[in-house]
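Shown next: final_37.cif, given as mmCIF, C-alpha atoms, pLDDT in the B column; chains and numbers go by the auth columns.
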data_target
loop_
_atom_site.group_PDB
_atom_site.id
_atom_site.type_symbol
_atom_site.label_atom_id
_atom_site.label_comp_id
_atom_site.label_asym_id
_atom_site.label_seq_id
_atom_site.Cartn_x
_atom_site.Cartn_y
_atom_site.Cartn_z
_atom_site.B_iso_or_equiv
_atom_site.auth_seq_id
_atom_site.auth_asym_id
ATOM 1 C CA MET A 1 -166.851 40.157 208.377 48.00 410 P
ATOM 2 C CA HIS A 2 -163.492 38.405 207.993 52.00 411 P
ATOM 3 C CA LEU A 3 -162.181 39.066 204.466 55.00 412 P
ATOM 4 C CA ASP A 4 -158.938 37.120 204.405 64.00 413 P
ATOM 5 C CA ALA A 5 -160.342 33.730 205.373 66.00 414 P
ATOM 6 C CA PRO A 6 -158.452 30.814 203.813 68.00 415 P
ATOM 7 C CA ALA A 7 -159.968 28.985 200.878 73.00 416 P
ATOM 8 C CA ILE A 8 -159.729 25.723 202.800 80.00 417 P
ATOM 9 C CA SER A 9 -159.353 25.469 206.567 83.00 418 P
ATOM 10 C CA HIS A 10 -156.346 23.968 208.306 83.00 419 P
ATOM 11 C CA HIS A 11 -158.562 21.316 209.892 87.00 420 P
ATOM 12 C CA ARG A 12 -159.972 20.291 206.512 89.00 421 P
ATOM 13 C CA LEU A 13 -156.456 20.091 205.015 87.00 422 P
ATOM 14 C CA LYS A 14 -155.331 17.848 207.855 89.00 423 P
ATOM 15 C CA ARG A 15 -158.366 15.637 207.391 92.00 424 P
ATOM 16 C CA PHE A 16 -157.742 15.468 203.648 90.00 425 P
ATOM 17 C CA HIS A 17 -154.078 14.542 204.261 90.00 426 P
ATOM 18 C CA ARG A 18 -155.025 11.820 206.728 93.00 427 P
ATOM 19 C CA TRP A 19 -157.478 10.421 204.202 93.00 428 P
ATOM 20 C CA ALA A 20 -154.679 10.355 201.580 92.00 429 P
ATOM 21 C CA MET A 21 -152.320 8.584 204.013 93.00 430 P
ATOM 22 C CA LEU A 22 -155.002 6.048 204.883 95.00 431 P
ATOM 23 C CA TRP A 23 -155.611 5.396 201.202 93.00 432 P
ATOM 24 C CA LEU A 24 -151.858 5.047 200.615 93.00 433 P
ATOM 25 C CA ARG A 25 -151.513 2.527 203.456 94.00 434 P
ATOM 26 C CA TRP A 26 -154.468 0.551 202.118 95.00 435 P
ATOM 27 C CA PHE A 27 -152.877 0.523 198.659 93.00 436 P
ATOM 28 C CA ALA A 28 -149.537 -0.650 200.131 93.00 437 P
ATOM 29 C CA ALA A 29 -151.333 -3.497 201.949 94.00 438 P
ATOM 30 C CA PHE A 30 -153.137 -4.409 198.741 93.00 439 P
ATOM 31 C CA LEU A 31 -149.817 -4.554 196.839 92.00 440 P
ATOM 32 C CA ASP A 32 -148.256 -6.690 199.583 91.00 441 P
ATOM 33 C CA ALA A 33 -151.161 -9.118 199.384 92.00 442 P
ATOM 34 C CA ALA A 34 -150.958 -9.196 195.588 89.00 443 P
ATOM 35 C CA CYS A 35 -147.219 -9.960 195.688 89.00 444 P
ATOM 36 C CA THR A 36 -147.439 -12.888 198.120 89.00 445 P
ATOM 37 C CA PHE A 37 -147.766 -15.574 195.465 86.00 446 P
ATOM 38 C CA ALA A 38 -146.042 -14.043 192.448 87.00 447 P
ATOM 39 C CA PRO A 39 -144.248 -10.794 191.609 89.00 448 P
ATOM 40 C CA LEU A 40 -146.258 -8.064 189.925 89.00 449 P
ATOM 41 C CA SER A 41 -146.243 -7.970 186.155 91.00 450 P
ATOM 42 C CA ARG A 42 -145.100 -4.861 184.301 91.00 451 P
ATOM 43 C CA GLN A 43 -148.673 -3.983 183.473 93.00 452 P
ATOM 44 C CA ALA A 44 -149.695 -4.203 187.134 90.00 453 P
ATOM 45 C CA GLN A 45 -146.680 -2.074 188.112 92.00 454 P
ATOM 46 C CA ARG A 46 -147.681 0.585 185.575 93.00 455 P
ATOM 47 C CA ILE A 47 -151.209 0.636 186.934 93.00 456 P
ATOM 48 C CA ALA A 48 -149.847 0.891 190.479 93.00 457 P
ATOM 49 C CA HIS A 49 -147.588 3.788 189.470 93.00 458 P
ATOM 50 C CA GLY A 50 -150.596 5.488 187.904 93.00 459 P
ATOM 51 C CA TRP A 51 -152.474 5.292 191.204 93.00 460 P
ATOM 52 C CA LEU A 52 -149.396 6.491 193.069 93.00 461 P
ATOM 53 C CA ASP A 53 -149.140 9.439 190.652 93.00 462 P
ATOM 54 C CA PHE A 54 -152.624 10.446 191.730 92.00 463 P
ATOM 55 C CA ILE A 55 -151.723 10.194 195.427 92.00 464 P
ATOM 56 C CA GLU A 56 -148.447 12.067 194.835 92.00 465 P
ATOM 57 C CA THR A 57 -150.323 14.921 193.156 91.00 466 P
ATOM 58 C CA LEU A 58 -152.755 15.018 196.040 91.00 467 P
ATOM 59 C CA ILE A 59 -149.985 15.151 198.651 92.00 468 P
ATOM 60 C CA THR A 60 -147.930 17.766 196.798 91.00 469 P
ATOM 61 C CA ASN A 61 -151.032 19.943 196.409 89.00 470 P
ATOM 62 C CA ILE A 62 -151.579 19.786 200.165 90.00 471 P
ATOM 63 C CA VAL A 63 -147.899 20.613 200.730 89.00 472 P
ATOM 64 C CA LEU A 64 -148.076 23.615 198.388 86.00 473 P
ATOM 65 C CA ILE A 65 -151.242 24.943 200.016 85.00 474 P
ATOM 66 C CA ARG A 66 -149.752 24.679 203.490 85.00 475 P
ATOM 67 C CA ALA A 67 -146.366 26.082 202.422 83.00 476 P
ATOM 68 C CA ALA A 68 -148.011 29.087 200.765 78.00 477 P
ATOM 69 C CA LYS A 69 -148.800 30.538 204.193 76.00 478 P
ATOM 70 C CA ARG A 70 -145.083 30.748 205.013 72.00 479 P
ATOM 71 C CA VAL A 71 -144.013 32.596 201.841 67.00 480 P
ATOM 72 C CA ARG A 72 -144.621 36.197 200.863 62.00 481 P
ATOM 73 C CA PRO A 73 -147.062 36.694 197.991 60.00 482 P
ATOM 74 C CA LEU A 74 -145.803 37.399 194.493 57.00 483 P
ATOM 75 C CA LEU A 75 -146.484 40.671 192.736 56.00 484 P
ATOM 76 C CA ARG A 76 -148.806 40.106 189.809 56.00 485 P
ATOM 77 C CA ARG A 77 -147.465 41.184 186.445 56.00 486 P
ATOM 78 C CA HIS A 78 -150.126 42.238 183.985 55.00 487 P
ATOM 79 C CA PHE A 79 -148.278 41.776 180.715 54.00 488 P
ATOM 80 C CA GLY A 80 -147.675 38.850 178.483 53.00 489 P
ATOM 81 C CA PRO A 81 -149.189 35.400 178.370 57.00 490 P
ATOM 82 C CA GLN A 82 -149.759 33.640 181.649 56.00 491 P
ATOM 83 C CA ARG A 83 -147.702 30.561 182.264 55.00 492 P
ATOM 84 C CA LEU A 84 -149.393 27.254 182.819 56.00 493 P
ATOM 85 C CA LEU A 85 -149.865 26.061 186.380 57.00 494 P
ATOM 86 C CA TYR A 86 -148.151 22.682 186.031 60.00 495 P
ATOM 87 C CA PRO A 87 -144.713 24.108 185.139 66.00 496 P
ATOM 88 C CA LYS A 88 -145.067 26.570 188.024 72.00 497 P
ATOM 89 C CA ARG A 89 -145.941 23.699 190.318 74.00 498 P
ATOM 90 C CA ARG A 90 -142.908 21.742 189.148 77.00 499 P
ATOM 91 C CA ALA A 91 -140.631 24.758 189.594 77.00 500 P
ATOM 92 C CA ILE A 92 -141.902 25.455 193.095 78.00 501 P
ATOM 93 C CA LEU A 93 -141.510 21.848 194.228 81.00 502 P
ATOM 94 C CA GLY A 94 -138.024 21.510 192.791 80.00 503 P
ATOM 95 C CA LEU A 95 -136.266 18.611 191.169 81.00 504 P
ATOM 96 C CA ARG A 96 -134.901 17.038 194.342 85.00 505 P
ATOM 97 C CA LEU A 97 -138.266 16.789 196.019 86.00 506 P
ATOM 98 C CA ARG A 98 -139.990 15.520 192.870 86.00 507 P
ATOM 99 C CA ARG A 99 -137.336 12.846 192.366 88.00 508 P
ATOM 100 C CA ALA A 100 -137.479 11.866 196.032 89.00 509 P
ATOM 101 C CA LEU A 101 -141.233 11.329 195.771 89.00 510 P
ATOM 102 C CA HIS A 102 -141.224 9.679 192.338 86.00 511 P
ATOM 103 C CA GLN A 103 -139.055 6.570 192.584 89.00 512 P
ATOM 104 C CA ARG A 104 -139.110 3.492 190.363 89.00 513 P
ATOM 105 C CA ASP A 105 -139.562 0.890 193.069 91.00 514 P
ATOM 106 C CA LEU A 106 -143.152 0.740 194.352 91.00 515 P
ATOM 107 C CA ARG A 107 -142.241 0.110 197.974 91.00 516 P
ATOM 108 C CA ALA A 108 -139.652 2.902 198.026 93.00 517 P
ATOM 109 C CA ARG A 109 -142.136 5.274 196.446 92.00 518 P
ATOM 110 C CA ILE A 110 -144.809 4.400 198.999 93.00 519 P
ATOM 111 C CA ALA A 111 -142.279 4.951 201.798 93.00 520 P
ATOM 112 C CA ALA A 112 -141.302 8.335 200.329 92.00 521 P
ATOM 113 C CA LEU A 113 -144.937 9.413 200.050 92.00 522 P
ATOM 114 C CA SER A 114 -145.646 8.227 203.606 92.00 523 P
ATOM 115 C CA GLN A 115 -143.126 10.533 205.262 90.00 524 P
ATOM 116 C CA SER A 116 -144.187 13.383 207.508 89.00 525 P
ATOM 117 C CA ILE A 117 -145.925 16.208 205.704 88.00 526 P
ATOM 118 C CA GLU A 118 -144.227 18.766 207.951 90.00 527 P
ATOM 119 C CA ASP A 119 -140.830 17.707 206.556 89.00 528 P
ATOM 120 C CA LEU A 120 -142.088 18.184 203.006 89.00 529 P
ATOM 121 C CA ILE A 121 -143.538 21.593 203.852 87.00 530 P
ATOM 122 C CA ASP A 122 -140.237 22.638 205.458 86.00 531 P
ATOM 123 C CA ARG A 123 -138.309 21.597 202.350 85.00 532 P
ATOM 124 C CA VAL A 124 -140.565 23.641 200.082 84.00 533 P
ATOM 125 C CA ALA A 125 -140.729 26.635 202.440 81.00 534 P
ATOM 126 C CA ARG A 126 -136.927 26.720 202.810 80.00 535 P
ATOM 127 C CA ARG A 127 -136.466 26.626 199.057 75.00 536 P
ATOM 128 C CA LEU A 128 -138.894 29.377 198.047 72.00 537 P
ATOM 129 C CA PRO A 129 -137.379 32.495 199.673 65.00 538 P
ATOM 130 C CA ARG A 130 -133.989 31.718 198.133 63.00 539 P
ATOM 131 C CA GLY A 131 -135.408 32.434 194.703 58.00 540 P
ATOM 132 C CA LEU A 132 -134.686 29.020 193.243 53.00 541 P
ATOM 133 C CA THR A 133 -137.877 29.001 191.214 53.00 542 P
ATOM 134 C CA ARG A 134 -138.996 30.504 187.928 52.00 543 P
ATOM 135 C CA ARG A 135 -142.294 31.773 189.216 49.00 544 P
ATOM 136 C CA CYS A 136 -142.437 35.041 187.253 49.00 545 P
ATOM 137 C CA GLY A 137 -144.557 35.513 184.159 44.00 546 P
ATOM 138 C CA GLY A 138 -143.226 35.215 180.636 46.00 547 P
ATOM 139 C CA LEU A 139 -142.344 38.005 178.238 44.00 548 P
ATOM 140 C CA SER A 140 -145.068 39.788 176.347 44.00 549 P
ATOM 141 C CA ARG A 141 -145.236 39.253 172.585 47.00 550 P
ATOM 142 C CA THR A 142 -143.627 42.607 171.794 48.00 551 P
ATOM 143 C CA HIS A 143 -140.794 41.944 174.233 47.00 552 P
ATOM 144 C CA ALA A 144 -140.349 38.419 172.879 49.00 553 P
ATOM 145 C CA ARG A 145 -140.207 39.671 169.272 52.00 554 P
ATOM 146 C CA ALA A 146 -137.730 42.400 170.202 52.00 555 P
ATOM 147 C CA SER A 147 -135.483 39.995 172.089 52.00 556 P
ATOM 148 C CA SER A 148 -135.578 37.378 169.301 54.00 557 P
ATOM 149 C CA ALA A 149 -134.815 40.082 166.687 56.00 558 P
ATOM 150 C CA ARG A 150 -131.881 41.276 168.801 55.00 559 P
ATOM 151 C CA ARG A 151 -130.586 37.702 169.111 54.00 560 P
ATOM 152 C CA ALA A 152 -130.856 37.280 165.328 54.00 561 P
ATOM 153 C CA GLU A 153 -128.871 40.506 164.781 56.00 562 P
ATOM 154 C CA LEU A 154 -126.157 39.354 167.160 49.00 563 P
ATOM 155 C CA CYS A 155 -126.006 35.945 165.494 48.00 564 P
ATOM 156 C CA MET A 156 -125.705 37.499 162.032 52.00 565 P
ATOM 157 C CA GLY A 157 -122.943 39.801 163.268 52.00 566 P
ATOM 158 C CA ILE A 158 -121.003 36.868 164.685 47.00 567 P
ATOM 159 C CA CYS A 159 -121.529 34.857 161.492 46.00 568 P
ATOM 160 C CA ARG A 160 -120.218 37.741 159.354 49.00 569 P
ATOM 161 C CA GLN A 161 -117.147 38.117 161.508 49.00 570 P
ATOM 162 C CA THR A 162 -116.300 34.423 161.444 48.00 571 P
ATOM 163 C CA ALA A 163 -117.040 33.982 157.721 48.00 572 P
ATOM 164 C CA ASP A 164 -114.359 36.461 156.610 47.00 573 P
ATOM 165 C CA THR A 165 -111.445 34.231 155.523 54.00 574 P
ATOM 166 C CA SER A 166 -109.220 36.784 153.791 49.00 575 P
#

Could I get this file's structure written as structure tokens?
Amino acid sequence: MHLDAPAISHHRLKRFHRWAMLWLRWFAAFLDAACTFAPLSRQAQRIAHGWLDFIETLITNIVLIRAAKRVRPLLRRHFGPQRLLYPKRRAILGLRLRRALHQRDLRARIAALSQSIEDLIDRVARRLPRGLTRRCGGLSRTHARASSARRAELCMGICRQTADTS
């Protein structure tokens, strides 16, 4: 029995990515056909960006799953509230990559999403070992109360020192 089998196979991920790229190319062709007679209205652009948000999430999820194999696992901390997954996802991807994939112009955004997935995986995998993410858990409630009480004491001490005008 093989215990450490992946949750989703490499072949299935590739097939899922190709389906996403095919859908993206179809959507780009649809937008080109819609723009032949008149430019898109703001409402149509918002709807198009909504669909591209869905495709972007799909592609970044595939990138994160494939990049996870190249990075050492994190140690689980068993104290404090767990952070939400979306901020972790944003921190792992990084601002540069998110901004590169989320552009204002529809054609530029489609071109950015259509790039090679291996390049995106390399960008994420290079970034992770350098520790440029906030992937650790938050403080427990007792630690948070203690740190906020300490900050309040320091603030009061500074205020007392600066308020003395004699």

Inset, instruction - Go through P:Ile417, P:Ile471, P:Ala453, P:Leu431 one by one, measure the shortest atom-to-atom distance of each to Glu527 of chain P using only C-alpha atoms, and give the residue with the smallest value. - result: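 Under the stated criterion, the closest residue is P:Ile471.
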
Starting from 3 Å padding per side, set up an axis-aligned box that covers all listed atoms of segment 513-529 of chain P and hand over centre and edge lengths in Å, one decimal, as JSON.
{"center_x": -142.5, "center_y": 9.4, "center_z": 199.2, "size_x": 12.8, "size_y": 24.7, "size_z": 23.6}

| request: Kindly resolve the PyMOL selection byres ((chain P and resi 512-518) around 8) on the present coordinates and return the residues as an MDAnalysis selection string. | output: chainID P and resid 437 454 457:458 508:511 519:522

Review point. Counting only C-alpha atoms, what is within 8 Å of Val472 of chain P, bar same-chain residues fewer than 6 positions away, as a list in words?
Key: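 The filter keeps Ile526, Leu529, Ile530 and Val533 of chain P.
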
- Task: Given the file shown, determine the residues that the PyMOL selection byres ((chain P and resi 432) around 12) selects; report them as a PyMOL selection string.
- Result: chain P and resi 425-431+433-439+460-461+463-465+467-468+519+522-523

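Picture a line from atom CA of Ala534 of chain P to atom CA of Gly459 of chain P; it runs 27.5 Å.
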
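Distance check against Leu504 of chain P using all atoms listed in the file: of P:Arg475, P:Ser525, P:Arg536, P:Ala443, the minimum falls on P:Arg536.
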
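Relative to atom CA of Arg532 of chain P, atom CA of Lys423 of chain P is found at 18.3 Å.
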
Subject >> Given all atoms listed in the file as the counted atoms, nearest of P:His420, P:Ile456, P:Gly503, P:Asp531 to Ala477 of chain P >> reply: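 Result for the nearest residue to Ala477 of chain P: P:Asp531.
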
What is the distance between atom CA of Arg498 of chain P and atom CA of Asn470 of chain P, in Å to one decimal?
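Calculated distance between atom CA of Arg498 of chain P and atom CA of Asn470 of chain P is 8.8 Å.
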